[in-house]
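Engineer: See coords.pdb below, with PDB, C-alpha atoms.
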ATOM      1  CA  ARG F   1      17.445 -10.420 -10.001  1.00  0.00           C
ATOM      2  CA  GLY F   2      14.423 -12.755  -9.964  1.00  0.00           C
ATOM      3  CA  GLN F   3      12.954 -11.150 -13.078  1.00  0.00           C
ATOM      4  CA  ASP F   4      16.253 -11.455 -14.924  1.00  0.00           C
ATOM      5  CA  HIS F   5      16.450 -15.147 -14.062  1.00  0.00           C
ATOM      6  CA  GLY F   6      12.903 -15.633 -15.370  1.00  0.00           C
ATOM      7  CA  ARG F   7      13.738 -13.883 -18.626  1.00  0.00           C
ATOM      8  CA  ASP F   8      16.904 -15.968 -19.030  1.00  0.00           C
ATOM      9  CA  HIS F   9      14.868 -19.132 -18.491  1.00  0.00           C
ATOM     10  CA  ASP F  10      12.297 -18.003 -21.067  1.00  0.00           C
ATOM     11  CA  ARG F  11      15.065 -17.161 -23.564  1.00  0.00           C
ATOM     12  CA  ASP F  12      16.704 -20.569 -23.047  1.00  0.00           C
ATOM     13  CA  ARG F  13      13.378 -22.360 -23.508  1.00  0.00           C
ATOM     14  CA  ASP F  14      12.588 -20.333 -26.631  1.00  0.00           C
ATOM     15  CA  SER F  15      16.030 -21.120 -28.028  1.00  0.00           C
ATOM     16  CA  GLN F  16      15.571 -24.847 -27.372  1.00  0.00           C
ATOM     17  CA  LEU F  17      12.143 -24.820 -29.015  1.00  0.00           C
ATOM     18  CA  LYS F  18      13.482 -22.994 -32.071  1.00  0.00           C
ATOM     19  CA  LYS F  19      16.289 -25.550 -32.406  1.00  0.00           C
ATOM     20  CA  LEU F  20      13.837 -28.450 -32.097  1.00  0.00           C
ATOM     21  CA  ILE F  21      11.461 -26.972 -34.670  1.00  0.00           C
ATOM     22  CA  SER F  22      14.301 -26.184 -37.066  1.00  0.00           C
ATOM     23  CA  ARG F  23      15.247 -29.876 -37.096  1.00  0.00           C
ATOM     24  CA  MET F  24      11.685 -31.059 -37.806  1.00  0.00           C
ATOM     25  CA  SER F  25      10.661 -32.029 -41.311  1.00  0.00           C
ATOM     26  CA  VAL F  26       7.803 -30.203 -43.008  1.00  0.00           C
ATOM     27  CA  GLU F  27       5.676 -33.338 -42.515  1.00  0.00           C
ATOM     28  CA  GLU F  28       6.394 -33.345 -38.772  1.00  0.00           C
ATOM     29  CA  LYS F  29       5.555 -29.650 -38.459  1.00  0.00           C
ATOM     30  CA  ILE F  30       2.287 -30.074 -40.326  1.00  0.00           C
ATOM     31  CA  GLY F  31       1.384 -33.182 -38.332  1.00  0.00           C
ATOM     32  CA  GLN F  32       1.779 -31.286 -35.071  1.00  0.00           C
ATOM     33  CA  LEU F  33      -1.059 -28.972 -36.146  1.00  0.00           C
ATOM     34  CA  PHE F  34      -3.605 -31.799 -36.170  1.00  0.00           C
ATOM     35  CA  VAL F  35      -5.621 -33.461 -33.447  1.00  0.00           C
ATOM     36  CA  MET F  36      -6.981 -36.751 -34.768  1.00  0.00           C
ATOM     37  CA  ARG F  37      -9.232 -39.531 -33.600  1.00  0.00           C
ATOM     38  CA  VAL F  38      -8.489 -43.209 -33.897  1.00  0.00           C
ATOM     39  CA  TYR F  39     -10.547 -46.311 -33.191  1.00  0.00           C
ATOM     40  CA  GLY F  40      -9.635 -48.592 -30.317  1.00  0.00           C
ATOM     41  CA  HIS F  41      -9.260 -48.961 -26.581  1.00  0.00           C
ATOM     42  CA  SER F  42      -5.488 -49.572 -26.807  1.00  0.00           C
ATOM     43  CA  ALA F  43      -2.651 -47.645 -28.445  1.00  0.00           C
ATOM     44  CA  THR F  44      -1.056 -50.824 -29.780  1.00  0.00           C
ATOM     45  CA  ALA F  45      -3.569 -53.693 -29.510  1.00  0.00           C
ATOM     46  CA  PRO F  46      -7.102 -52.601 -30.435  1.00  0.00           C
ATOM     47  CA  ASP F  47      -9.853 -55.052 -31.344  1.00  0.00           C
ATOM     48  CA  GLN F  48      -9.827 -56.340 -34.938  1.00  0.00           C
ATOM     49  CA  ALA F  49     -12.922 -54.323 -35.899  1.00  0.00           C
ATOM     50  CA  ASP F  50     -11.130 -51.158 -34.777  1.00  0.00           C
ATOM     51  CA  ILE F  51      -7.998 -52.127 -36.702  1.00  0.00           C
ATOM     52  CA  ASP F  52     -10.152 -52.613 -39.811  1.00  0.00           C
ATOM     53  CA  ALA F  53     -11.836 -49.208 -39.330  1.00  0.00           C
ATOM     54  CA  ASN F  54      -8.469 -47.483 -38.832  1.00  0.00           C
ATOM     55  CA  LEU F  55      -7.022 -49.135 -41.930  1.00  0.00           C
ATOM     56  CA  SER F  56      -9.959 -48.181 -44.122  1.00  0.00           C
ATOM     57  CA  GLN F  57     -10.192 -44.596 -42.880  1.00  0.00           C
ATOM     58  CA  MET F  58      -6.595 -43.610 -42.093  1.00  0.00           C
ATOM     59  CA  GLY F  59      -4.295 -46.275 -43.493  1.00  0.00           C
ATOM     60  CA  VAL F  60      -2.933 -47.289 -40.079  1.00  0.00           C
ATOM     61  CA  ARG F  61      -3.810 -50.087 -37.672  1.00  0.00           C
ATOM     62  CA  THR F  62      -3.343 -48.410 -34.288  1.00  0.00           C
ATOM     63  CA  ALA F  63      -2.938 -45.092 -32.476  1.00  0.00           C
ATOM     64  CA  ALA F  64       0.802 -45.766 -32.242  1.00  0.00           C
ATOM     65  CA  GLU F  65       0.989 -46.171 -36.027  1.00  0.00           C
ATOM     66  CA  LEU F  66      -1.057 -42.976 -36.490  1.00  0.00           C
ATOM     67  CA  ILE F  67       1.532 -41.066 -34.473  1.00  0.00           C
ATOM     68  CA  ALA F  68       4.462 -42.632 -36.316  1.00  0.00           C
ATOM     69  CA  LYS F  69       2.997 -42.053 -39.775  1.00  0.00           C
ATOM     70  CA  TYR F  70       1.359 -38.646 -39.434  1.00  0.00           C
ATOM     71  CA  HIS F  71       3.214 -37.087 -36.442  1.00  0.00           C
ATOM     72  CA  VAL F  72      -0.103 -35.825 -35.029  1.00  0.00           C
ATOM     73  CA  GLY F  73      -0.051 -33.281 -32.249  1.00  0.00           C
ATOM     74  CA  GLY F  74      -2.856 -34.943 -30.309  1.00  0.00           C
ATOM     75  CA  ILE F  75      -5.526 -37.618 -30.228  1.00  0.00           C
ATOM     76  CA  ILE F  76      -9.078 -36.971 -29.059  1.00  0.00           C
ATOM     77  CA  TYR F  77     -11.121 -39.745 -27.458  1.00  0.00           C
ATOM     78  CA  PHE F  78     -14.727 -40.660 -28.265  1.00  0.00           C
ATOM     79  CA  THR F  79     -17.004 -43.332 -26.856  1.00  0.00           C
ATOM     80  CA  TRP F  80     -18.191 -44.196 -30.380  1.00  0.00           C
ATOM     81  CA  ALA F  81     -14.551 -44.775 -31.419  1.00  0.00           C
ATOM     82  CA  HIS F  82     -14.203 -47.290 -28.553  1.00  0.00           C
ATOM     83  CA  ASN F  83     -11.597 -45.165 -26.744  1.00  0.00           C
ATOM     84  CA  VAL F  84     -13.537 -44.834 -23.508  1.00  0.00           C
ATOM     85  CA  ARG F  85     -14.383 -47.819 -21.301  1.00  0.00           C
ATOM     86  CA  ASP F  86     -13.280 -47.040 -17.764  1.00  0.00           C
ATOM     87  CA  PRO F  87     -10.679 -44.873 -16.014  1.00  0.00           C
ATOM     88  CA  HIS F  88      -7.985 -47.582 -15.963  1.00  0.00           C
ATOM     89  CA  GLN F  89      -8.400 -48.288 -19.679  1.00  0.00           C
ATOM     90  CA  ILE F  90      -8.285 -44.572 -20.495  1.00  0.00           C
ATOM     91  CA  ALA F  91      -5.095 -44.175 -18.450  1.00  0.00           C
ATOM     92  CA  ALA F  92      -3.537 -47.176 -20.225  1.00  0.00           C
ATOM     93  CA  LEU F  93      -4.535 -45.773 -23.638  1.00  0.00           C
ATOM     94  CA  SER F  94      -3.097 -42.360 -22.742  1.00  0.00           C
ATOM     95  CA  ASN F  95       0.132 -43.920 -21.466  1.00  0.00           C
ATOM     96  CA  GLY F  96       0.443 -46.015 -24.629  1.00  0.00           C
ATOM     97  CA  ILE F  97      -0.064 -42.955 -26.811  1.00  0.00           C
ATOM     98  CA  GLN F  98       2.563 -41.048 -24.813  1.00  0.00           C
ATOM     99  CA  ARG F  99       5.019 -43.944 -25.188  1.00  0.00           C
ATOM    100  CA  ALA F 100       4.374 -44.018 -28.931  1.00  0.00           C
ATOM    101  CA  GLY F 101       5.107 -40.306 -29.191  1.00  0.00           C
ATOM    102  CA  LEU F 102       8.231 -40.543 -27.072  1.00  0.00           C
ATOM    103  CA  SER F 103       9.530 -43.500 -29.099  1.00  0.00           C
ATOM    104  CA  GLN F 104       9.659 -41.390 -32.252  1.00  0.00           C
ATOM    105  CA  PRO F 105      13.101 -40.165 -33.267  1.00  0.00           C
ATOM    106  CA  THR F 106      13.808 -36.713 -31.881  1.00  0.00           C
ATOM    107  CA  PRO F 107      14.823 -34.291 -34.605  1.00  0.00           C
TER     108      PRO F 107
END
Output the file's structure as structure tokens, nothing else.
Structural biologist:
Amino acid sequence: RGQDHGRDHDRDRDSQLKKLISRMSVEEKIGQLFVMRVYGHSATAPDQADIDANLSQMGVRTAAELIAKYHVGGIIYFTWAHNVRDPHQIAALSNGIQRAGLSQPTP
């Protein structure tokens, strides 16, 4: 019985994932394949120099805009991109990125 329940759960999850993916645009599907970097210590309010770097290199101002425009599957942090200052800042950046992803319309 336990194995059957596990298989049913897996089938339900697979079915939900297939439905979600079927409603995604080609751009959203492609975006999910990429892990990007972005300049700034904040998902929505980076320093002006980081905004300028993001605009010139990616055409967006912030991590939140990167997610909205390109539907990226992940963001990687680098010290040189000013993403890493201290644990509290990193947690705030991660939370802001998660909020940005969750605020996108669900297909």
Engineer: How close does region 4-70 of chain F get to region 76-87 of chain F? List, as a Markdown table, each residue of region 4-70 of chain F within 8 Å, its nearest atom pair and the distance in Å to one decimal, counting only C-alpha atoms.
Structural biologist:
| residue | atom | partner | partner_atom | distance |
| --- | --- | --- | --- | --- |
| F:Val35 | CA | F:Ile76 | CA | 6.6 |
| F:Met36 | CA | F:Ile76 | CA | 6.1 |
| F:Arg37 | CA | F:Ile76 | CA | 5.2 |
| F:Val38 | CA | F:Ala81 | CA | 6.7 |
| F:Tyr39 | CA | F:Ala81 | CA | 4.6 |
| F:Gly40 | CA | F:His82 | CA | 5.1 |
| F:His41 | CA | F:Asn83 | CA | 4.5 |
| F:Ser42 | CA | F:Asn83 | CA | 7.5 |
| F:Asp50 | CA | F:His82 | CA | 7.9 |
Engineer: How many Å separate CA of Ile21 (chain F) from CA of Val60 (chain F)?
Structural biologist: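 Atom-to-atom, CA of Ile21 (chain F) and CA of Val60 (chain F) are spaced 25.5 Å apart.
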Engineer: Just how far from CA of Tyr70 (chain F) is CA of Glu27 (chain F), in Å to one decimal?
Structural biologist: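 Interatomic distance, CA of Glu27 (chain F) to CA of Tyr70 (chain F): 7.5 Å.
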Engineer: Given the file shown, determine the residues that the PyMOL selection byres ((chain F and resi 93) around 8) selects; report them as a PyMOL selection string.
Structural biologist: chain F and resi 41-43+83+89-92+94-97
Engineer: May I ask which of the residues F:Met24, F:Ile75, F:Ala63, F:Met58 is the closest one to Pro46 (chain F), counting all atoms listed in the file?
Structural biologist: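 Among the listed residues, the smallest separation from Pro46 (chain F) belongs to F:Ala63.
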Engineer: Could you list, as a short mmCIF file (atom, residue, chain, number, x, y, z; two decimals) with C-alpha atoms, keeping the file's coordinate frame, every residue matched by the PyMOL selection byres ((chain F and resi 105) around 12) in this structure?
Structural biologist:
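result-v1.cif was written with the following content:
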data_model
loop_
_atom_site.label_atom_id
_atom_site.label_comp_id
_atom_site.auth_asym_id
_atom_site.auth_seq_id
_atom_site.Cartn_x
_atom_site.Cartn_y
_atom_site.Cartn_z
CA LEU F 20 13.84 -28.45 -32.10
CA ARG F 23 15.25 -29.88 -37.10
CA MET F 24 11.68 -31.06 -37.81
CA SER F 25 10.66 -32.03 -41.31
CA GLU F 28 6.39 -33.34 -38.77
CA ILE F 67 1.53 -41.07 -34.47
CA ALA F 68 4.46 -42.63 -36.32
CA HIS F 71 3.21 -37.09 -36.44
CA ALA F 100 4.37 -44.02 -28.93
CA GLY F 101 5.11 -40.31 -29.19
CA LEU F 102 8.23 -40.54 -27.07
CA SER F 103 9.53 -43.50 -29.10
CA GLN F 104 9.66 -41.39 -32.25
CA THR F 106 13.81 -36.71 -31.88
CA PRO F 107 14.82 -34.29 -34.60
#
Engineer: How far is it from CA of Asp12 (chain F) to CA of Val72 (chain F), in Å with one decimal?
Structural biologist: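 CA of Val72 (chain F) lies at a distance of 25.7 Å from CA of Asp12 (chain F).
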